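final.tsv (TSV, C-alpha atoms)
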chain	number	residue	atom	x	y	z
J	1199	MET	CA	40.86	58.09	29.96
J	1200	ILE	CA	43.57	58.65	32.56
J	1201	LYS	CA	46.67	60.29	31.11
J	1202	ALA	CA	50.19	59.93	32.50
J	1203	VAL	CA	53.78	60.63	31.52
J	1204	PRO	CA	56.91	58.60	32.31
J	1205	LYS	CA	58.97	59.74	35.25
J	1206	PRO	CA	62.52	60.89	34.42
J	1207	ILE	CA	64.87	57.90	34.27
J	1208	GLU	CA	67.14	59.63	36.79
J	1209	GLU	CA	64.36	59.61	39.36
J	1210	ILE	CA	63.71	55.90	38.91
J	1211	ILE	CA	67.43	55.09	39.07
J	1212	ASP	CA	67.59	56.90	42.39
J	1213	LEU	CA	64.60	54.92	43.70
J	1214	VAL	CA	65.97	51.45	42.86
J	1215	LYS	CA	69.75	51.87	43.13
J	1216	ASN	CA	70.01	50.34	46.60
J	1217	PHE	CA	68.13	47.15	45.73
J	1218	HIS	CA	69.22	43.96	44.02
J	1219	LYS	CA	66.08	42.50	42.42
J	1220	VAL	CA	63.58	44.81	40.70
J	1221	LEU	CA	60.28	43.98	39.02
J	1222	ILE	CA	58.83	46.50	36.57
J	1223	VAL	CA	55.08	46.05	36.14
J	1224	GLY	CA	53.16	47.68	33.32
J	1225	CYS	CA	49.43	48.10	32.80
J	1226	ASP	CA	47.55	47.39	29.56
J	1227	GLY	CA	44.87	49.98	30.39
J	1228	CYS	CA	44.92	53.76	30.12
J	1229	VAL	CA	48.68	54.21	30.36
J	1230	THR	CA	49.18	51.93	27.37
J	1231	VAL	CA	46.98	54.15	25.22
J	1232	CYS	CA	48.98	57.27	26.12
J	1233	GLU	CA	52.24	55.30	25.72
J	1234	ALA	CA	53.44	55.79	29.28
J	1235	GLY	CA	53.20	52.40	30.95
J	1236	GLY	CA	52.39	49.52	28.62
J	1237	LEU	CA	54.50	46.57	27.51
J	1238	LYS	CA	56.66	48.71	25.22
J	1239	GLU	CA	57.40	51.22	28.00
J	1240	VAL	CA	58.20	48.40	30.45
J	1241	GLN	CA	60.74	46.99	28.00
J	1242	ILE	CA	62.28	50.40	27.33
J	1243	LEU	CA	62.61	51.22	31.03
J	1244	ALA	CA	64.05	47.80	31.86
J	1245	ALA	CA	66.61	48.08	29.04
J	1246	SER	CA	67.58	51.60	30.12
J	1247	LEU	CA	68.07	50.54	33.73
J	1248	ARG	CA	70.10	47.48	32.74
J	1249	LEU	CA	72.35	49.62	30.57
J	1250	TYR	CA	72.85	52.22	33.29
J	1251	PHE	CA	73.70	49.76	36.05
J	1252	THR	CA	75.92	47.68	33.75
J	1253	GLN	CA	77.93	50.80	32.92
J	1254	ALA	CA	78.00	51.69	36.62
J	1255	LYS	CA	79.35	48.16	37.30
J	1256	GLN	CA	76.50	47.52	39.72
J	1257	ARG	CA	74.66	44.18	39.74
J	1258	LEU	CA	70.90	44.66	39.51
J	1259	ASP	CA	68.48	41.96	38.35
J	1260	ILE	CA	65.56	43.58	36.52
J	1261	ASP	CA	62.51	41.61	35.39
J	1262	GLU	CA	59.40	42.65	33.51
J	1263	ALA	CA	55.67	41.99	33.69
J	1264	THR	CA	52.46	43.54	32.44
J	1265	LEU	CA	48.92	43.15	33.71
J	1266	THR	CA	45.63	43.70	31.92
J	1267	ARG	CA	44.73	46.23	34.62
J	1268	GLN	CA	46.36	47.15	37.92
J	1269	CYS	CA	43.09	48.60	39.26
J	1270	ASP	CA	41.53	45.12	39.45
J	1271	ARG	CA	42.26	42.57	42.20
J	1272	GLU	CA	41.82	39.66	39.80
J	1273	TYR	CA	44.72	40.76	37.63
J	1274	LEU	CA	46.92	41.79	40.56
J	1275	GLY	CA	46.63	38.22	41.78
J	1276	GLN	CA	48.65	37.10	38.76
J	1277	LEU	CA	51.79	38.31	40.54
J	1278	LYS	CA	51.29	36.36	43.76
J	1279	ASP	CA	53.57	33.47	42.82
J	1280	ARG	CA	56.52	35.63	41.80
J	1281	ILE	CA	56.43	38.95	43.62
J	1282	ASP	CA	58.18	37.65	46.76
J	1283	ALA	CA	61.35	37.16	44.71
J	1284	TYR	CA	61.83	40.92	44.36
J	1285	ASP	CA	63.07	43.62	46.70
J	1286	VAL	CA	61.08	46.38	45.04
J	1287	VAL	CA	58.39	46.82	42.40
J	1288	VAL	CA	58.18	49.75	39.97
J	1289	SER	CA	54.62	50.17	38.73
J	1290	LEU	CA	53.99	51.95	35.45
J	1291	ALA	CA	50.25	52.16	36.13
J	1292	CYS	CA	48.42	55.33	37.10
J	1293	GLY	CA	48.34	56.37	40.75
J	1294	CYS	CA	45.31	54.13	41.30
J	1295	GLY	CA	47.18	51.09	40.07
J	1296	VAL	CA	50.28	51.87	42.14
J	1297	GLN	CA	48.21	52.18	45.31
J	1298	PHE	CA	46.11	49.09	44.62
J	1299	LEU	CA	49.23	47.03	43.92
J	1300	ALA	CA	50.77	48.22	47.20
J	1301	GLU	CA	47.51	47.46	49.01
J	1302	ARG	CA	47.40	43.93	47.58
J	1303	TYR	CA	51.03	43.18	48.54
J	1304	GLN	CA	51.40	44.94	51.86
J	1305	ASP	CA	54.95	43.81	52.59
J	1306	LYS	CA	56.34	44.85	49.22
J	1307	ILE	CA	57.85	48.23	48.36
J	1308	VAL	CA	56.01	49.65	45.33
J	1309	TYR	CA	57.28	52.79	43.58
J	1310	PRO	CA	55.55	54.77	40.82
J	1311	GLY	CA	57.20	54.86	37.41
J	1312	VAL	CA	54.89	57.45	35.86
J	1313	ASP	CA	53.33	60.77	36.86
J	1314	THR	CA	49.53	60.66	36.62
J	1315	CYS	CA	48.25	63.90	35.08
J	1316	PHE	CA	44.52	64.04	34.34
J	1317	MET	CA	41.49	62.49	32.65
J	1318	GLY	CA	41.65	63.47	29.03
J	1319	VAL	CA	41.39	62.75	25.34
J	1320	ASP	CA	43.79	62.08	22.46
J	1321	LEU	CA	44.00	65.10	20.19
J	1322	GLU	CA	46.66	63.35	18.15
J	1323	ARG	CA	49.45	60.91	18.90
J	1324	GLY	CA	51.48	62.33	21.76
J	1325	VAL	CA	49.06	65.21	22.39
J	1326	TYR	CA	46.55	64.78	25.21
J	1327	ALA	CA	44.12	67.31	26.63
J	1328	GLU	CA	42.21	67.43	29.91
J	1329	ARG	CA	38.45	67.15	29.56
J	1330	CYS	CA	37.05	65.92	32.91
J	1331	GLN	CA	37.81	66.45	36.60
J	1332	ALA	CA	35.41	63.74	37.82
J	1333	CYS	CA	33.41	66.14	40.00
J	1334	GLY	CA	30.64	63.60	40.49
J	1335	LYS	CA	27.78	65.79	39.23
J	1336	CYS	CA	27.91	66.21	35.46
J	1337	ILE	CA	26.42	69.42	34.03
J	1338	LEU	CA	27.35	68.85	30.39
J	1339	ALA	CA	23.67	68.77	29.38
J	1340	SER	CA	23.46	72.47	30.26
J	1341	THR	CA	26.71	73.63	28.69
J	1342	GLY	CA	26.63	72.18	25.20
J	1343	GLY	CA	28.77	69.20	26.10
J	1344	ILE	CA	31.73	71.36	27.17
J	1345	CYS	CA	32.75	71.19	30.83
J	1346	PRO	CA	33.40	74.57	32.49
J	1347	ILE	CA	35.06	72.86	35.45
J	1348	ALA	CA	37.68	71.17	33.27
J	1349	ARG	CA	37.89	73.72	30.45
J	1350	CYS	CA	37.72	77.01	32.41
J	1351	SER	CA	40.94	77.74	34.31
J	1352	LYS	CA	38.91	79.29	37.14
J	1353	ARG	CA	36.09	76.72	37.05
J	1354	MET	CA	33.51	79.47	36.52
J	1355	LEU	CA	29.94	78.17	36.41
J	1356	ASN	CA	28.05	81.20	35.12
J	1357	GLY	CA	29.91	82.64	32.19
J	1358	PRO	CA	33.43	83.91	31.64
J	1359	CYS	CA	35.48	85.97	34.04
J	1360	GLY	CA	36.48	89.52	33.17
J	1361	GLY	CA	39.92	88.52	31.99
J	1362	SER	CA	39.18	86.61	28.82
J	1363	GLU	CA	40.04	88.41	25.60
J	1364	LYS	CA	39.33	87.46	21.99
J	1365	GLY	CA	38.23	84.01	23.06
J	1366	LYS	CA	41.42	83.27	24.99
J	1367	CYS	CA	42.05	82.73	28.70
J	1368	GLU	CA	43.92	85.34	30.71
J	1369	VAL	CA	45.86	82.56	32.43
J	1370	ASN	CA	47.49	81.61	29.14
J	1371	PRO	CA	46.78	83.06	25.69
J	1372	ASP	CA	47.24	79.59	24.20
J	1373	ILE	CA	44.22	78.33	26.16
J	1374	ASP	CA	40.75	78.80	24.70
J	1375	CYS	CA	38.29	80.48	27.04
J	1376	GLY	CA	36.08	77.63	28.25
J	1377	TRP	CA	32.98	79.81	28.28
J	1378	GLN	CA	33.66	81.13	24.79
J	1379	LEU	CA	33.68	77.50	23.65
J	1380	ILE	CA	30.41	76.89	25.49
J	1381	PHE	CA	28.78	79.99	23.98
J	1382	ASP	CA	29.87	79.05	20.46
J	1383	ARG	CA	28.64	75.49	20.90
J	1384	LEU	CA	25.23	76.54	22.29
J	1385	LYS	CA	24.87	78.98	19.38
J	1386	ILE	CA	25.46	76.15	16.89
J	1387	LEU	CA	22.89	74.02	18.70
J	1388	GLY	CA	20.35	76.82	18.84
J	1389	GLN	CA	20.36	76.63	22.64
J	1390	LEU	CA	21.63	80.09	23.61
J	1391	ASP	CA	18.71	80.32	26.02
J	1392	ARG	CA	20.68	77.91	28.24
J	1393	PHE	CA	23.47	80.49	28.40
J	1394	GLU	CA	21.02	82.95	29.92
J	1395	GLN	CA	19.88	80.59	32.68
J	1396	PRO	CA	21.89	80.92	35.93
J	1397	VAL	CA	23.55	77.75	37.18
J	1398	GLU	CA	22.86	76.93	40.81
J	1399	PRO	CA	25.88	76.97	43.16
J	1400	LYS	CA	27.62	73.63	42.82
J	1401	ASN	CA	27.48	71.11	45.63
J	1402	TRP	CA	31.12	70.04	45.75
J	1403	ALA	CA	30.36	67.20	48.17
J	1404	SER	CA	30.22	64.82	45.19
J	1405	SER	CA	33.72	65.90	44.13
J	1406	ARG	CA	37.04	65.21	45.84
J	1407	ASP	CA	36.24	68.09	48.22
J	1408	GLY	CA	33.89	65.74	50.06
J	1409	GLY	CA	36.70	63.29	50.87
J	1410	PRO	CA	37.74	60.00	49.21
J	1411	ARG	CA	34.85	58.69	47.14
J	1412	LYS	CA	33.35	55.27	46.52
J	1413	ILE	CA	30.69	54.03	44.09
J	1414	VAL	CA	28.48	51.13	45.19
J	1415	ARG	CA	26.31	49.62	42.44
J	1416	GLU	CA	24.02	47.17	44.23
J	1417	ASP	CA	22.68	45.99	40.87
J	1418	LEU	CA	26.15	44.75	39.93
J	1419	ARG	CA	27.29	43.19	43.21
J	1420	LEU	CA	27.49	39.42	43.52
Would you encode the structure as structure tokens?
Amino acid sequence: MIKAVPKPIEEIIDLVKNFHKVLIVGCDGCVTVCEAGGLKEVQILAASLRLYFTQAKQRLDIDEATLTRQCDREYLGQLKDRIDAYDVVVSLACGCGVQFLAERYQDKIVYPGVDTCFMGVDLERGVYAERCQACGKCILASTGGICPIARCSKRMLNGPCGGSEKGKCEVNPDIDCGWQLIFDRLKILGQLDRFEQPVEPKNWASSRDGGPRKIVREDLRL
């Protein structure tokens, strides 16, 4: 799931301070799960902005809304009857949602209210870890279900670099060596023979290196 963190309130204040009517739009998808952009965060941000501008003796009308998803045209359409009333929109969705909202309402200024970080998992509440870089060609079947592209700091595909020590990455001793994790996992599975088989050079055309990507599922199109 996409993980994000709220932008500093000072940054958002600077973005909206020259406007009069502001709409804050949350998303009930990924950013709700990581507590960065759901209904609760919309309410907190709106209250914080109202307090700041009241104390600054500056009139700013701030309204709130949340959508099921901002990466879906159907849900973005729910704003069509009210969005013209606002000078600027602050989206608390991921970068995809911000861009899709701006694309849907071309004449409306849309600012991001969160910083999108990575695709990851919940280790515990408030602790999220990267697990996938969406490279477009999954090799997890060969690596014991542990991704060397996401888990190895250098994205090594054929074993660890020469800098790992005692199972830790040379980039940061708090980071587990991705290939140590892979080795340990394959050992548990009785599949260490996979560790001995060279991985072919990766074709990065299916990743972001090949330009903006699109998936077309003809079996799902109407």
Quiz prompt | Who sits within 9 Å of J:Ser1340, only C-alpha atoms, same chain under 2 positions skipped, as number ranges by chain | solution = J: 1337-1338, 1342-1344, 1392-1393, 1397
Quiz item: Taking (55.1, 40.5, 46.6) in the file's coordinates, which residues come within 6 Å, counting all atoms listed in the file, written as an MDAnalysis selection string?
Solution: chainID J and resid 1281:1282 1303 1306
Exercise. Excluding stretch 1359-1376 of chain J and any residue of its chain fewer than 5 positions from it, enumerate the residues within 7 Å of it, using all atoms listed in the file, and give them as a PyMOL selection string.
Key: chain J and resi 1346+1349-1350
Exercise. To one decimal in Å, tell me the separation between atom CA of J:Val1220 and atom CA of J:Phe1298.
Key: 18.4 Å
Practice problem: Could you tell me which of J:Leu1379, J:Ile1386, J:Val1296, J:Ala1244 comes closest to J:Thr1314 if we count all atoms listed in the file? | Solution: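 Smallest separation from J:Thr1314 among the options: J:Val1296.
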May I ask you to restore all heavy atoms in stretch 1287-1298 of chain J and write the result as a PDB file, keeping the file's coordinate frame?
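As written to disk, part_12.pdb reads:
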ATOM      1  N   VAL J1287      59.192  46.843  43.628  1.00  0.00           N
ATOM      2  CA  VAL J1287      58.390  46.820  42.400  1.00  0.00           C
ATOM      3  C   VAL J1287      58.232  48.257  41.895  1.00  0.00           C
ATOM      4  O   VAL J1287      57.933  49.166  42.672  1.00  0.00           O
ATOM      5  CB  VAL J1287      57.000  46.204  42.644  1.00  0.00           C
ATOM      6  CG1 VAL J1287      56.162  46.251  41.363  1.00  0.00           C
ATOM      7  CG2 VAL J1287      57.124  44.781  43.158  1.00  0.00           C
ATOM      8  N   VAL J1288      58.447  48.463  40.607  1.00  0.00           N
ATOM      9  CA  VAL J1288      58.180  49.750  39.970  1.00  0.00           C
ATOM     10  C   VAL J1288      56.939  49.581  39.103  1.00  0.00           C
ATOM     11  O   VAL J1288      56.950  48.819  38.140  1.00  0.00           O
ATOM     12  CB  VAL J1288      59.359  50.239  39.120  1.00  0.00           C
ATOM     13  CG1 VAL J1288      58.998  51.552  38.417  1.00  0.00           C
ATOM     14  CG2 VAL J1288      60.595  50.427  39.983  1.00  0.00           C
ATOM     15  N   SER J1289      55.862  50.270  39.471  1.00  0.00           N
ATOM     16  CA  SER J1289      54.620  50.170  38.730  1.00  0.00           C
ATOM     17  C   SER J1289      54.516  51.303  37.719  1.00  0.00           C
ATOM     18  O   SER J1289      54.695  52.472  38.063  1.00  0.00           O
ATOM     19  CB  SER J1289      53.420  50.229  39.680  1.00  0.00           C
ATOM     20  OG  SER J1289      52.222  50.419  38.963  1.00  0.00           O
ATOM     21  N   LEU J1290      54.190  50.935  36.474  1.00  0.00           N
ATOM     22  CA  LEU J1290      53.990  51.950  35.450  1.00  0.00           C
ATOM     23  C   LEU J1290      52.508  52.237  35.223  1.00  0.00           C
ATOM     24  O   LEU J1290      52.123  52.826  34.220  1.00  0.00           O
ATOM     25  CB  LEU J1290      54.639  51.508  34.128  1.00  0.00           C
ATOM     26  CG  LEU J1290      56.146  51.280  34.149  1.00  0.00           C
ATOM     27  CD1 LEU J1290      56.676  51.160  32.726  1.00  0.00           C
ATOM     28  CD2 LEU J1290      56.880  52.383  34.887  1.00  0.00           C
ATOM     29  N   ALA J1291      51.671  51.835  36.191  1.00  0.00           N
ATOM     30  CA  ALA J1291      50.250  52.160  36.130  1.00  0.00           C
ATOM     31  C   ALA J1291      50.023  53.577  36.631  1.00  0.00           C
ATOM     32  O   ALA J1291      50.944  54.243  37.113  1.00  0.00           O
ATOM     33  CB  ALA J1291      49.445  51.168  36.969  1.00  0.00           C
ATOM     34  N   CYS J1292      48.777  54.040  36.520  1.00  0.00           N
ATOM     35  CA  CYS J1292      48.420  55.330  37.100  1.00  0.00           C
ATOM     36  C   CYS J1292      48.511  55.239  38.624  1.00  0.00           C
ATOM     37  O   CYS J1292      48.774  54.163  39.185  1.00  0.00           O
ATOM     38  CB  CYS J1292      47.009  55.731  36.677  1.00  0.00           C
ATOM     39  SG  CYS J1292      45.719  54.729  37.462  1.00  0.00           S
ATOM     40  N   GLY J1293      48.267  56.357  39.295  1.00  0.00           N
ATOM     41  CA  GLY J1293      48.340  56.370  40.750  1.00  0.00           C
ATOM     42  C   GLY J1293      47.391  55.386  41.405  1.00  0.00           C
ATOM     43  O   GLY J1293      47.683  54.843  42.484  1.00  0.00           O
ATOM     44  N   CYS J1294      46.248  55.121  40.761  1.00  0.00           N
ATOM     45  CA  CYS J1294      45.310  54.130  41.300  1.00  0.00           C
ATOM     46  C   CYS J1294      45.941  52.749  41.300  1.00  0.00           C
ATOM     47  O   CYS J1294      45.853  52.008  42.292  1.00  0.00           O
ATOM     48  CB  CYS J1294      44.018  54.117  40.466  1.00  0.00           C
ATOM     49  SG  CYS J1294      43.072  55.643  40.492  1.00  0.00           S
ATOM     50  N   GLY J1295      46.566  52.396  40.182  1.00  0.00           N
ATOM     51  CA  GLY J1295      47.180  51.090  40.070  1.00  0.00           C
ATOM     52  C   GLY J1295      48.334  50.909  41.042  1.00  0.00           C
ATOM     53  O   GLY J1295      48.486  49.847  41.659  1.00  0.00           O
ATOM     54  N   VAL J1296      49.157  51.939  41.203  1.00  0.00           N
ATOM     55  CA  VAL J1296      50.280  51.870  42.140  1.00  0.00           C
ATOM     56  C   VAL J1296      49.770  51.590  43.551  1.00  0.00           C
ATOM     57  O   VAL J1296      50.274  50.713  44.267  1.00  0.00           O
ATOM     58  CB  VAL J1296      51.091  53.183  42.119  1.00  0.00           C
ATOM     59  CG1 VAL J1296      52.187  53.145  43.184  1.00  0.00           C
ATOM     60  CG2 VAL J1296      51.696  53.426  40.755  1.00  0.00           C
ATOM     61  N   GLN J1297      48.740  52.329  43.963  1.00  0.00           N
ATOM     62  CA  GLN J1297      48.210  52.180  45.310  1.00  0.00           C
ATOM     63  C   GLN J1297      47.525  50.827  45.522  1.00  0.00           C
ATOM     64  O   GLN J1297      47.653  50.212  46.585  1.00  0.00           O
ATOM     65  CB  GLN J1297      47.208  53.300  45.611  1.00  0.00           C
ATOM     66  CG  GLN J1297      47.868  54.669  45.686  1.00  0.00           C
ATOM     67  CD  GLN J1297      46.868  55.754  45.991  1.00  0.00           C
ATOM     68  OE1 GLN J1297      46.394  55.892  47.125  1.00  0.00           O
ATOM     69  NE2 GLN J1297      46.529  56.536  44.971  1.00  0.00           N
ATOM     70  N   PHE J1298      46.809  50.357  44.490  1.00  0.00           N
ATOM     71  CA  PHE J1298      46.110  49.090  44.620  1.00  0.00           C
ATOM     72  C   PHE J1298      47.088  47.921  44.659  1.00  0.00           C
ATOM     73  O   PHE J1298      46.880  46.940  45.367  1.00  0.00           O
ATOM     74  CB  PHE J1298      45.116  48.926  43.474  1.00  0.00           C
ATOM     75  CG  PHE J1298      43.862  48.192  43.852  1.00  0.00           C
ATOM     76  CD1 PHE J1298      43.339  48.269  45.128  1.00  0.00           C
ATOM     77  CD2 PHE J1298      43.182  47.422  42.916  1.00  0.00           C
ATOM     78  CE1 PHE J1298      42.174  47.594  45.481  1.00  0.00           C
ATOM     79  CE2 PHE J1298      42.019  46.737  43.246  1.00  0.00           C
ATOM     80  CZ  PHE J1298      41.519  46.831  44.533  1.00  0.00           C
TER      81      PHE J1298
END
